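Structure data follow from my_file.txt (compact mmCIF, N, CA and C atoms):
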# COMPACT_ATOMS: atom_id res chain seq x y z
N MET A 1 29.36 33.72 -41.95
CA MET A 1 28.94 32.38 -42.26
C MET A 1 28.44 31.68 -41.01
N GLN A 2 29.20 31.79 -39.92
CA GLN A 2 28.80 31.15 -38.68
C GLN A 2 27.55 31.82 -38.10
N ASN A 3 27.45 33.13 -38.30
CA ASN A 3 26.28 33.86 -37.81
C ASN A 3 25.02 33.37 -38.51
N ASN A 4 25.11 33.12 -39.82
CA ASN A 4 23.95 32.62 -40.57
C ASN A 4 23.55 31.23 -40.06
N GLN A 5 24.55 30.38 -39.80
CA GLN A 5 24.26 29.03 -39.33
C GLN A 5 23.63 29.08 -37.93
N GLN A 6 24.14 29.96 -37.09
CA GLN A 6 23.59 30.09 -35.75
C GLN A 6 22.15 30.60 -35.82
N ALA A 7 21.90 31.56 -36.72
CA ALA A 7 20.57 32.12 -36.87
C ALA A 7 19.60 31.05 -37.36
N THR A 8 20.03 30.23 -38.34
CA THR A 8 19.13 29.19 -38.85
C THR A 8 18.88 28.11 -37.81
N THR A 9 19.89 27.76 -37.01
CA THR A 9 19.68 26.74 -35.97
C THR A 9 18.76 27.27 -34.88
N GLU A 10 18.87 28.57 -34.57
CA GLU A 10 17.97 29.16 -33.58
C GLU A 10 16.54 29.16 -34.09
N GLU A 11 16.37 29.49 -35.39
CA GLU A 11 15.03 29.48 -35.98
C GLU A 11 14.46 28.07 -35.99
N GLN A 12 15.27 27.09 -36.29
CA GLN A 12 14.82 25.71 -36.32
C GLN A 12 14.42 25.24 -34.92
N SER A 13 15.20 25.64 -33.92
CA SER A 13 14.87 25.23 -32.56
C SER A 13 13.57 25.89 -32.10
N LYS A 14 13.36 27.16 -32.50
CA LYS A 14 12.12 27.84 -32.17
C LYS A 14 10.94 27.17 -32.86
N ASN A 15 11.11 26.79 -34.12
CA ASN A 15 10.05 26.11 -34.85
C ASN A 15 9.72 24.76 -34.21
N GLN A 16 10.74 24.05 -33.76
CA GLN A 16 10.51 22.76 -33.11
C GLN A 16 9.76 22.94 -31.79
N GLU A 17 10.10 24.01 -31.04
CA GLU A 17 9.40 24.28 -29.79
C GLU A 17 7.94 24.58 -30.06
N VAL A 18 7.67 25.35 -31.13
CA VAL A 18 6.29 25.67 -31.47
C VAL A 18 5.54 24.41 -31.87
N LYS A 19 6.19 23.52 -32.63
CA LYS A 19 5.56 22.28 -33.05
C LYS A 19 5.27 21.39 -31.84
N GLN A 20 6.15 21.38 -30.87
CA GLN A 20 5.95 20.56 -29.69
C GLN A 20 4.85 21.12 -28.80
N GLU A 21 4.66 22.42 -28.82
CA GLU A 21 3.70 23.05 -27.94
C GLU A 21 2.27 22.95 -28.46
N THR A 22 2.06 22.66 -29.72
CA THR A 22 0.70 22.58 -30.24
C THR A 22 0.40 21.17 -30.74
N LYS A 23 -0.81 20.72 -30.40
CA LYS A 23 -1.27 19.41 -30.85
C LYS A 23 -2.73 19.53 -31.25
N LEU A 24 -3.19 18.57 -31.97
CA LEU A 24 -4.57 18.53 -32.39
C LEU A 24 -5.47 18.29 -31.18
N CYS A 25 -6.58 19.00 -31.10
CA CYS A 25 -7.50 18.89 -29.98
C CYS A 25 -8.07 17.47 -29.92
N PRO A 26 -8.00 16.80 -28.76
CA PRO A 26 -8.48 15.42 -28.68
C PRO A 26 -10.01 15.30 -28.74
N LEU A 27 -10.74 16.39 -28.47
CA LEU A 27 -12.20 16.30 -28.50
C LEU A 27 -12.77 16.53 -29.90
N CYS A 28 -12.49 17.70 -30.46
CA CYS A 28 -13.09 18.02 -31.76
C CYS A 28 -12.20 17.60 -32.92
N GLN A 29 -10.93 17.50 -32.70
CA GLN A 29 -9.94 17.09 -33.70
C GLN A 29 -9.99 17.94 -34.98
N THR A 30 -10.29 19.23 -34.80
CA THR A 30 -10.27 20.14 -35.95
C THR A 30 -9.29 21.29 -35.74
N PHE A 31 -9.13 21.72 -34.50
CA PHE A 31 -8.24 22.83 -34.20
C PHE A 31 -7.09 22.35 -33.32
N PHE A 32 -6.07 23.19 -33.22
CA PHE A 32 -4.90 22.85 -32.43
C PHE A 32 -4.98 23.52 -31.06
N GLY A 33 -4.40 22.84 -30.07
CA GLY A 33 -4.35 23.39 -28.73
C GLY A 33 -2.93 23.40 -28.22
N SER A 34 -2.69 24.21 -27.22
CA SER A 34 -1.35 24.33 -26.65
C SER A 34 -1.27 23.64 -25.30
N ALA A 35 -0.06 23.55 -24.77
CA ALA A 35 0.14 22.94 -23.46
C ALA A 35 -0.55 23.77 -22.38
N LYS A 36 -0.69 25.04 -22.62
CA LYS A 36 -1.35 25.93 -21.67
C LYS A 36 -2.81 25.54 -21.46
N THR A 37 -3.45 25.04 -22.51
CA THR A 37 -4.86 24.63 -22.45
C THR A 37 -5.01 23.11 -22.44
N ASN A 38 -3.95 22.41 -22.00
CA ASN A 38 -3.94 20.94 -21.96
C ASN A 38 -4.21 20.34 -23.34
N PHE A 39 -3.75 21.03 -24.36
CA PHE A 39 -3.84 20.62 -25.75
C PHE A 39 -5.28 20.54 -26.26
N TYR A 40 -6.20 21.30 -25.63
CA TYR A 40 -7.55 21.45 -26.15
C TYR A 40 -7.60 22.75 -26.94
N CYS A 41 -8.47 22.81 -27.94
CA CYS A 41 -8.66 24.08 -28.65
C CYS A 41 -9.40 25.02 -27.71
N SER A 42 -9.46 26.29 -28.07
CA SER A 42 -10.05 27.29 -27.17
C SER A 42 -11.52 27.00 -26.89
N LYS A 43 -12.25 26.54 -27.89
CA LYS A 43 -13.68 26.27 -27.73
C LYS A 43 -13.90 25.11 -26.75
N CYS A 44 -13.18 24.02 -26.94
CA CYS A 44 -13.33 22.85 -26.07
C CYS A 44 -12.84 23.16 -24.66
N TYR A 45 -11.77 23.93 -24.56
CA TYR A 45 -11.22 24.27 -23.25
C TYR A 45 -12.22 25.09 -22.44
N LYS A 46 -12.93 26.00 -23.09
CA LYS A 46 -13.93 26.81 -22.39
C LYS A 46 -15.06 25.93 -21.87
N THR A 47 -15.54 25.00 -22.69
CA THR A 47 -16.63 24.14 -22.24
C THR A 47 -16.19 23.24 -21.09
N ILE A 48 -14.98 22.73 -21.15
CA ILE A 48 -14.47 21.87 -20.08
C ILE A 48 -14.30 22.66 -18.79
N SER A 49 -13.76 23.87 -18.88
CA SER A 49 -13.56 24.67 -17.68
C SER A 49 -14.90 25.08 -17.07
N GLN A 50 -15.92 25.32 -17.90
CA GLN A 50 -17.25 25.65 -17.37
C GLN A 50 -17.85 24.45 -16.64
N LYS A 51 -17.69 23.25 -17.19
CA LYS A 51 -18.20 22.04 -16.54
C LYS A 51 -17.50 21.82 -15.21
N ASP A 52 -16.18 22.06 -15.18
CA ASP A 52 -15.42 21.89 -13.94
C ASP A 52 -15.90 22.87 -12.87
N ASN A 53 -16.16 24.11 -13.29
CA ASN A 53 -16.63 25.11 -12.34
C ASN A 53 -18.00 24.76 -11.79
N GLU A 54 -18.86 24.15 -12.61
CA GLU A 54 -20.18 23.74 -12.15
C GLU A 54 -20.09 22.54 -11.23
N GLN A 55 -19.14 21.65 -11.44
CA GLN A 55 -19.04 20.43 -10.66
C GLN A 55 -18.32 20.63 -9.33
N GLN A 56 -17.53 21.68 -9.20
CA GLN A 56 -16.78 21.90 -7.97
C GLN A 56 -17.69 22.07 -6.75
N PRO A 57 -18.75 22.89 -6.80
CA PRO A 57 -19.62 22.98 -5.62
C PRO A 57 -20.30 21.64 -5.30
N GLN A 58 -20.67 20.87 -6.33
CA GLN A 58 -21.28 19.57 -6.11
C GLN A 58 -20.31 18.63 -5.44
N LEU A 59 -19.05 18.64 -5.87
CA LEU A 59 -18.03 17.77 -5.27
C LEU A 59 -17.80 18.15 -3.81
N GLN A 60 -17.81 19.45 -3.52
CA GLN A 60 -17.60 19.88 -2.14
C GLN A 60 -18.75 19.41 -1.26
N GLN A 61 -19.98 19.47 -1.78
CA GLN A 61 -21.13 19.00 -1.02
C GLN A 61 -21.05 17.50 -0.81
N GLN A 62 -20.63 16.75 -1.84
CA GLN A 62 -20.52 15.31 -1.73
C GLN A 62 -19.42 14.91 -0.74
N GLN A 63 -18.37 15.69 -0.66
CA GLN A 63 -17.29 15.40 0.29
C GLN A 63 -17.73 15.70 1.71
N GLN A 64 -18.58 16.70 1.89
CA GLN A 64 -19.01 17.07 3.23
C GLN A 64 -19.97 16.03 3.80
N ILE A 65 -20.78 15.39 2.95
CA ILE A 65 -21.76 14.41 3.41
C ILE A 65 -21.08 13.21 4.07
N PRO A 66 -20.05 12.57 3.44
CA PRO A 66 -19.40 11.45 4.15
C PRO A 66 -18.73 11.86 5.45
N GLU A 67 -18.19 13.06 5.50
CA GLU A 67 -17.57 13.53 6.73
C GLU A 67 -18.61 13.64 7.84
N GLU A 68 -19.79 14.16 7.49
CA GLU A 68 -20.86 14.28 8.48
C GLU A 68 -21.32 12.91 8.94
N LYS A 69 -21.44 11.96 8.01
CA LYS A 69 -21.85 10.61 8.37
C LYS A 69 -20.82 9.95 9.27
N ALA A 70 -19.55 10.16 8.99
CA ALA A 70 -18.49 9.59 9.83
C ALA A 70 -18.56 10.16 11.24
N GLN A 71 -18.83 11.46 11.34
CA GLN A 71 -18.94 12.07 12.67
C GLN A 71 -20.15 11.51 13.41
N GLN A 72 -21.26 11.29 12.70
CA GLN A 72 -22.45 10.72 13.32
C GLN A 72 -22.18 9.29 13.77
N ASN A 73 -21.47 8.51 12.93
CA ASN A 73 -21.14 7.14 13.30
C ASN A 73 -20.26 7.10 14.54
N GLN A 74 -19.31 8.01 14.63
CA GLN A 74 -18.44 8.05 15.79
C GLN A 74 -19.23 8.40 17.04
N GLN A 75 -20.17 9.31 16.91
CA GLN A 75 -21.00 9.68 18.05
C GLN A 75 -21.94 8.54 18.43
N ALA A 76 -22.48 7.82 17.44
CA ALA A 76 -23.42 6.75 17.68
C ALA A 76 -22.73 5.52 18.29
N ASN A 77 -21.47 5.30 17.98
CA ASN A 77 -20.76 4.11 18.43
C ASN A 77 -20.05 4.30 19.76
N VAL A 78 -20.45 5.25 20.54
CA VAL A 78 -19.87 5.42 21.86
C VAL A 78 -20.58 4.44 22.79
N GLN A 79 -19.82 3.55 23.38
CA GLN A 79 -20.40 2.51 24.23
C GLN A 79 -20.61 3.06 25.64
N GLN A 80 -21.84 2.91 26.12
CA GLN A 80 -22.19 3.43 27.43
C GLN A 80 -21.56 2.62 28.56
N ASP A 81 -21.67 1.28 28.46
CA ASP A 81 -21.18 0.41 29.52
C ASP A 81 -20.22 -0.62 28.93
N PRO A 82 -18.90 -0.45 29.09
CA PRO A 82 -17.95 -1.38 28.49
C PRO A 82 -17.94 -2.76 29.15
N SER A 83 -18.68 -2.96 30.24
CA SER A 83 -18.73 -4.27 30.86
C SER A 83 -19.84 -5.14 30.27
N LYS A 84 -20.58 -4.60 29.29
CA LYS A 84 -21.65 -5.35 28.62
C LYS A 84 -21.44 -5.31 27.11
N CYS A 85 -21.90 -6.37 26.43
CA CYS A 85 -21.80 -6.44 24.97
C CYS A 85 -22.63 -5.32 24.35
N TYR A 86 -22.11 -4.69 23.33
CA TYR A 86 -22.78 -3.56 22.69
C TYR A 86 -24.05 -4.01 21.99
N VAL A 87 -24.09 -5.25 21.46
CA VAL A 87 -25.23 -5.73 20.68
C VAL A 87 -26.31 -6.34 21.59
N CYS A 88 -25.92 -7.34 22.38
CA CYS A 88 -26.92 -8.08 23.15
C CYS A 88 -27.00 -7.66 24.62
N LYS A 89 -26.17 -6.74 25.04
CA LYS A 89 -26.13 -6.22 26.41
C LYS A 89 -25.84 -7.29 27.45
N ARG A 90 -25.20 -8.36 27.05
CA ARG A 90 -24.84 -9.45 27.95
C ARG A 90 -23.65 -9.03 28.81
N LYS A 91 -23.66 -9.39 30.07
CA LYS A 91 -22.57 -9.06 30.96
C LYS A 91 -21.33 -9.86 30.57
N LEU A 92 -20.17 -9.20 30.49
CA LEU A 92 -18.98 -9.82 29.91
C LEU A 92 -17.97 -10.31 30.94
N GLY A 93 -17.73 -9.60 31.97
CA GLY A 93 -16.66 -9.97 32.89
C GLY A 93 -15.31 -9.75 32.22
N ILE A 94 -14.43 -10.78 32.25
CA ILE A 94 -13.12 -10.62 31.61
C ILE A 94 -13.10 -11.20 30.20
N SER A 95 -14.23 -11.73 29.74
CA SER A 95 -14.27 -12.36 28.41
C SER A 95 -14.62 -11.39 27.29
N GLY A 96 -14.70 -10.11 27.59
CA GLY A 96 -15.05 -9.13 26.57
C GLY A 96 -13.93 -8.96 25.55
N ILE A 97 -14.32 -8.82 24.29
CA ILE A 97 -13.35 -8.68 23.20
C ILE A 97 -13.56 -7.31 22.56
N GLN A 98 -12.50 -6.52 22.51
CA GLN A 98 -12.60 -5.19 21.92
C GLN A 98 -12.24 -5.27 20.45
N CYS A 99 -13.13 -4.76 19.62
CA CYS A 99 -12.93 -4.74 18.17
C CYS A 99 -12.06 -3.53 17.81
N LYS A 100 -11.64 -3.46 16.56
CA LYS A 100 -10.84 -2.32 16.10
C LYS A 100 -11.67 -1.05 15.99
N CYS A 101 -13.00 -1.20 16.07
CA CYS A 101 -13.86 -0.02 16.09
C CYS A 101 -14.02 0.52 17.50
N LYS A 102 -13.22 0.01 18.44
CA LYS A 102 -13.13 0.47 19.83
C LYS A 102 -14.38 0.18 20.66
N ILE A 103 -15.12 -0.88 20.34
CA ILE A 103 -16.31 -1.27 21.08
C ILE A 103 -16.10 -2.70 21.59
N VAL A 104 -16.61 -2.99 22.79
CA VAL A 104 -16.42 -4.29 23.42
C VAL A 104 -17.63 -5.17 23.11
N PHE A 105 -17.36 -6.45 22.74
CA PHE A 105 -18.41 -7.40 22.37
C PHE A 105 -18.20 -8.72 23.09
N CYS A 106 -19.27 -9.53 23.12
CA CYS A 106 -19.16 -10.89 23.64
C CYS A 106 -18.58 -11.77 22.53
N ASN A 107 -18.35 -13.03 22.85
CA ASN A 107 -17.74 -13.96 21.90
C ASN A 107 -18.65 -14.18 20.69
N LYS A 108 -19.95 -14.11 20.88
CA LYS A 108 -20.90 -14.33 19.79
C LYS A 108 -20.87 -13.19 18.77
N HIS A 109 -20.66 -11.96 19.21
CA HIS A 109 -20.72 -10.78 18.33
C HIS A 109 -19.34 -10.17 18.06
N ARG A 110 -18.27 -10.90 18.27
CA ARG A 110 -16.93 -10.35 18.13
C ARG A 110 -16.52 -10.13 16.68
N LEU A 111 -17.08 -10.89 15.75
CA LEU A 111 -16.69 -10.77 14.35
C LEU A 111 -17.31 -9.51 13.73
N PRO A 112 -16.59 -8.87 12.78
CA PRO A 112 -17.09 -7.61 12.20
C PRO A 112 -18.45 -7.75 11.51
N GLU A 113 -18.69 -8.88 10.86
CA GLU A 113 -19.98 -9.05 10.17
C GLU A 113 -21.13 -9.30 11.14
N ASP A 114 -20.82 -9.66 12.39
CA ASP A 114 -21.86 -9.90 13.38
C ASP A 114 -22.32 -8.63 14.08
N HIS A 115 -21.54 -7.58 14.02
CA HIS A 115 -21.95 -6.34 14.71
C HIS A 115 -21.89 -5.11 13.81
N ASN A 116 -21.89 -5.29 12.48
CA ASN A 116 -21.88 -4.17 11.53
C ASN A 116 -20.76 -3.19 11.86
N CYS A 117 -19.56 -3.69 11.83
CA CYS A 117 -18.38 -2.92 12.18
C CYS A 117 -18.17 -1.75 11.22
N THR A 118 -17.79 -0.60 11.76
CA THR A 118 -17.54 0.58 10.93
C THR A 118 -16.09 0.66 10.51
N PHE A 119 -15.23 -0.16 11.07
CA PHE A 119 -13.81 -0.15 10.73
C PHE A 119 -13.62 -0.84 9.38
N ASP A 120 -12.81 -0.27 8.50
CA ASP A 120 -12.59 -0.82 7.17
C ASP A 120 -11.40 -1.78 7.21
N HIS A 121 -11.69 -3.05 7.41
CA HIS A 121 -10.65 -4.07 7.53
C HIS A 121 -9.93 -4.29 6.19
N ALA A 122 -10.68 -4.23 5.08
CA ALA A 122 -10.08 -4.46 3.77
C ALA A 122 -9.05 -3.37 3.44
N GLU A 123 -9.38 -2.13 3.73
CA GLU A 123 -8.46 -1.02 3.46
C GLU A 123 -7.21 -1.14 4.32
N GLN A 124 -7.38 -1.56 5.58
CA GLN A 124 -6.22 -1.73 6.45
C GLN A 124 -5.32 -2.84 5.90
N ALA A 125 -5.92 -3.92 5.40
CA ALA A 125 -5.12 -5.02 4.84
C ALA A 125 -4.36 -4.55 3.60
N LYS A 126 -5.00 -3.76 2.76
CA LYS A 126 -4.33 -3.23 1.57
C LYS A 126 -3.15 -2.35 1.96
N GLN A 127 -3.36 -1.47 2.93
CA GLN A 127 -2.28 -0.59 3.37
C GLN A 127 -1.13 -1.39 3.97
N GLN A 128 -1.45 -2.44 4.69
CA GLN A 128 -0.41 -3.27 5.28
C GLN A 128 0.39 -3.99 4.20
N LEU A 129 -0.29 -4.47 3.15
CA LEU A 129 0.41 -5.12 2.04
C LEU A 129 1.33 -4.15 1.31
N ILE A 130 0.84 -2.94 1.11
CA ILE A 130 1.66 -1.92 0.44
C ILE A 130 2.90 -1.61 1.29
N LYS A 131 2.71 -1.53 2.58
CA LYS A 131 3.83 -1.21 3.47
C LYS A 131 4.85 -2.34 3.51
N ASN A 132 4.38 -3.58 3.57
CA ASN A 132 5.28 -4.72 3.73
C ASN A 132 5.90 -5.19 2.41
N ASN A 133 5.33 -4.83 1.28
CA ASN A 133 5.84 -5.28 -0.02
C ASN A 133 6.12 -4.09 -0.91
N PRO A 134 7.27 -3.44 -0.74
CA PRO A 134 7.58 -2.28 -1.59
C PRO A 134 7.84 -2.72 -3.03
N LEU A 135 7.69 -1.77 -3.94
CA LEU A 135 7.92 -2.05 -5.35
C LEU A 135 9.40 -2.34 -5.60
N VAL A 136 9.66 -3.28 -6.47
CA VAL A 136 11.02 -3.65 -6.81
C VAL A 136 11.41 -2.88 -8.06
N ASP A 137 12.50 -2.18 -8.00
CA ASP A 137 12.98 -1.39 -9.13
C ASP A 137 13.85 -2.26 -10.02
N THR A 138 13.52 -2.34 -11.31
CA THR A 138 14.26 -3.21 -12.23
C THR A 138 15.69 -2.74 -12.42
N LYS A 139 15.95 -1.47 -12.26
CA LYS A 139 17.32 -0.95 -12.41
C LYS A 139 18.23 -1.55 -11.35
N LYS A 140 17.71 -1.69 -10.16
CA LYS A 140 18.50 -2.26 -9.08
C LYS A 140 18.78 -3.75 -9.33
N LEU A 141 17.81 -4.44 -9.92
CA LEU A 141 18.00 -5.85 -10.20
C LEU A 141 19.09 -6.06 -11.25
N GLU A 142 19.15 -5.18 -12.25
CA GLU A 142 20.16 -5.30 -13.29
C GLU A 142 21.56 -5.06 -12.73
N GLN A 143 21.66 -4.20 -11.73
CA GLN A 143 22.98 -3.93 -11.14
C GLN A 143 23.50 -5.12 -10.35
N LEU A 144 22.60 -5.88 -9.76
CA LEU A 144 23.03 -7.02 -8.97
C LEU A 144 23.52 -8.10 -9.90

How does this structure look as structure tokens?
Amino acid sequence: MQNNQQATTEEQSKNQEVKQETKLCPLCQTFFGSAKTNFYCSKCYKTISQKDNEQQPQLQQQQQIPEEKAQQNQQANVQQDPSKCYVCKRKLGISGIQCKCKIVFCNKHRLPEDHNCTFDHAEQAKQQLIKNNPLVDTKKLEQL
């Protein structure tokens, strides 16, 4: 009697696992897909994987282009004479102001918009906000 009950519960658990593993394909909505294929049917999964394979070389090329531009910008922004303003070549003395892009400017060209700064000030501000304001976990608030 107990063996029959155990066998039926095992069959039911296997059936539930099979039901959980298959879902209707989100693209064509006619066939079922498994977790192995991200719940796409075999036809849709093949087309998606082919598109991904075609886009990978393009993505690699697109990633290489910004890296090359960044290297060129770093090479272009090397200041020859730090005692003169990079933009107007005015002699600075002790009044030179160094920007976060590591170039020295006069008081007139010290602002990022005045010298086409390559440093991303907005991204730095976002990172600083994330660092200084961590997420508050509601579970911790309930405990207090």

Practice prompt. Excluding stretch 42-50 of chain A and residues on its chain fewer than 5 positions from it, collect all residues at most 9 Å away from it, counting only C-alpha atoms, and give them as a list of chain:residue names.
Written response: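 These residues fall inside the cut-off: A:Cys25, A:Leu27, A:Cys28, A:Phe31, A:Phe32, A:Gly33, A:Thr37, A:Gln55.
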
Restricting the output to N, CA and C atoms, write the selected residues as a JSON list (two decimals), in the frame of the given file.
[["chain", "number", "residue", "atom", "x", "y", "z"],
["A", 25, "CYS", "N", -6.58, 19.00, -31.10],
["A", 25, "CYS", "CA", -7.50, 18.89, -29.98],
["A", 25, "CYS", "C", -8.07, 17.47, -29.92],
["A", 27, "LEU", "N", -10.74, 16.39, -28.47],
["A", 27, "LEU", "CA", -12.20, 16.30, -28.50],
["A", 27, "LEU", "C", -12.77, 16.53, -29.90],
["A", 28, "CYS", "N", -12.49, 17.70, -30.46],
["A", 28, "CYS", "CA", -13.09, 18.02, -31.76],
["A", 28, "CYS", "C", -12.20, 17.60, -32.92],
["A", 31, "PHE", "N", -9.13, 21.72, -34.50],
["A", 31, "PHE", "CA", -8.24, 22.83, -34.20],
["A", 31, "PHE", "C", -7.09, 22.35, -33.32],
["A", 32, "PHE", "N", -6.07, 23.19, -33.22],
["A", 32, "PHE", "CA", -4.90, 22.85, -32.43],
["A", 32, "PHE", "C", -4.98, 23.52, -31.06],
["A", 33, "GLY", "N", -4.40, 22.84, -30.07],
["A", 33, "GLY", "CA", -4.35, 23.39, -28.73],
["A", 33, "GLY", "C", -2.93, 23.40, -28.22],
["A", 37, "THR", "N", -3.45, 25.04, -22.51],
["A", 37, "THR", "CA", -4.86, 24.63, -22.45],
["A", 37, "THR", "C", -5.01, 23.11, -22.44],
["A", 55, "GLN", "N", -19.14, 21.65, -11.44],
["A", 55, "GLN", "CA", -19.04, 20.43, -10.66],
["A", 55, "GLN", "C", -18.32, 20.63, -9.33]]

Item to complete: Could you jot down the atom CA of A:Cys88 to atom CA of A:Ala125 separation for me, Å, one decimal place?
Response: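 Atom CA of A:Cys88 sits 28.6 Å away from atom CA of A:Ala125.
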
Worksheet entry | Top pick for closest residue to A:Asp114, considering A:Thr138, A:Val87, A:Gln128, A:Gln98 and counting only C-alpha atoms |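 Under the stated criterion, the closest residue is A:Val87.
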
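Counting all atoms listed in the file, the residue from A:Asp120, A:Glu142, A:Glu21, A:Glu113 that sits nearest to A:Ala35 is A:Glu21.
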
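Computed from the coordinates, the atom C of A:His109 to atom CA of A:Gly96 distance equals 9.6 Å.
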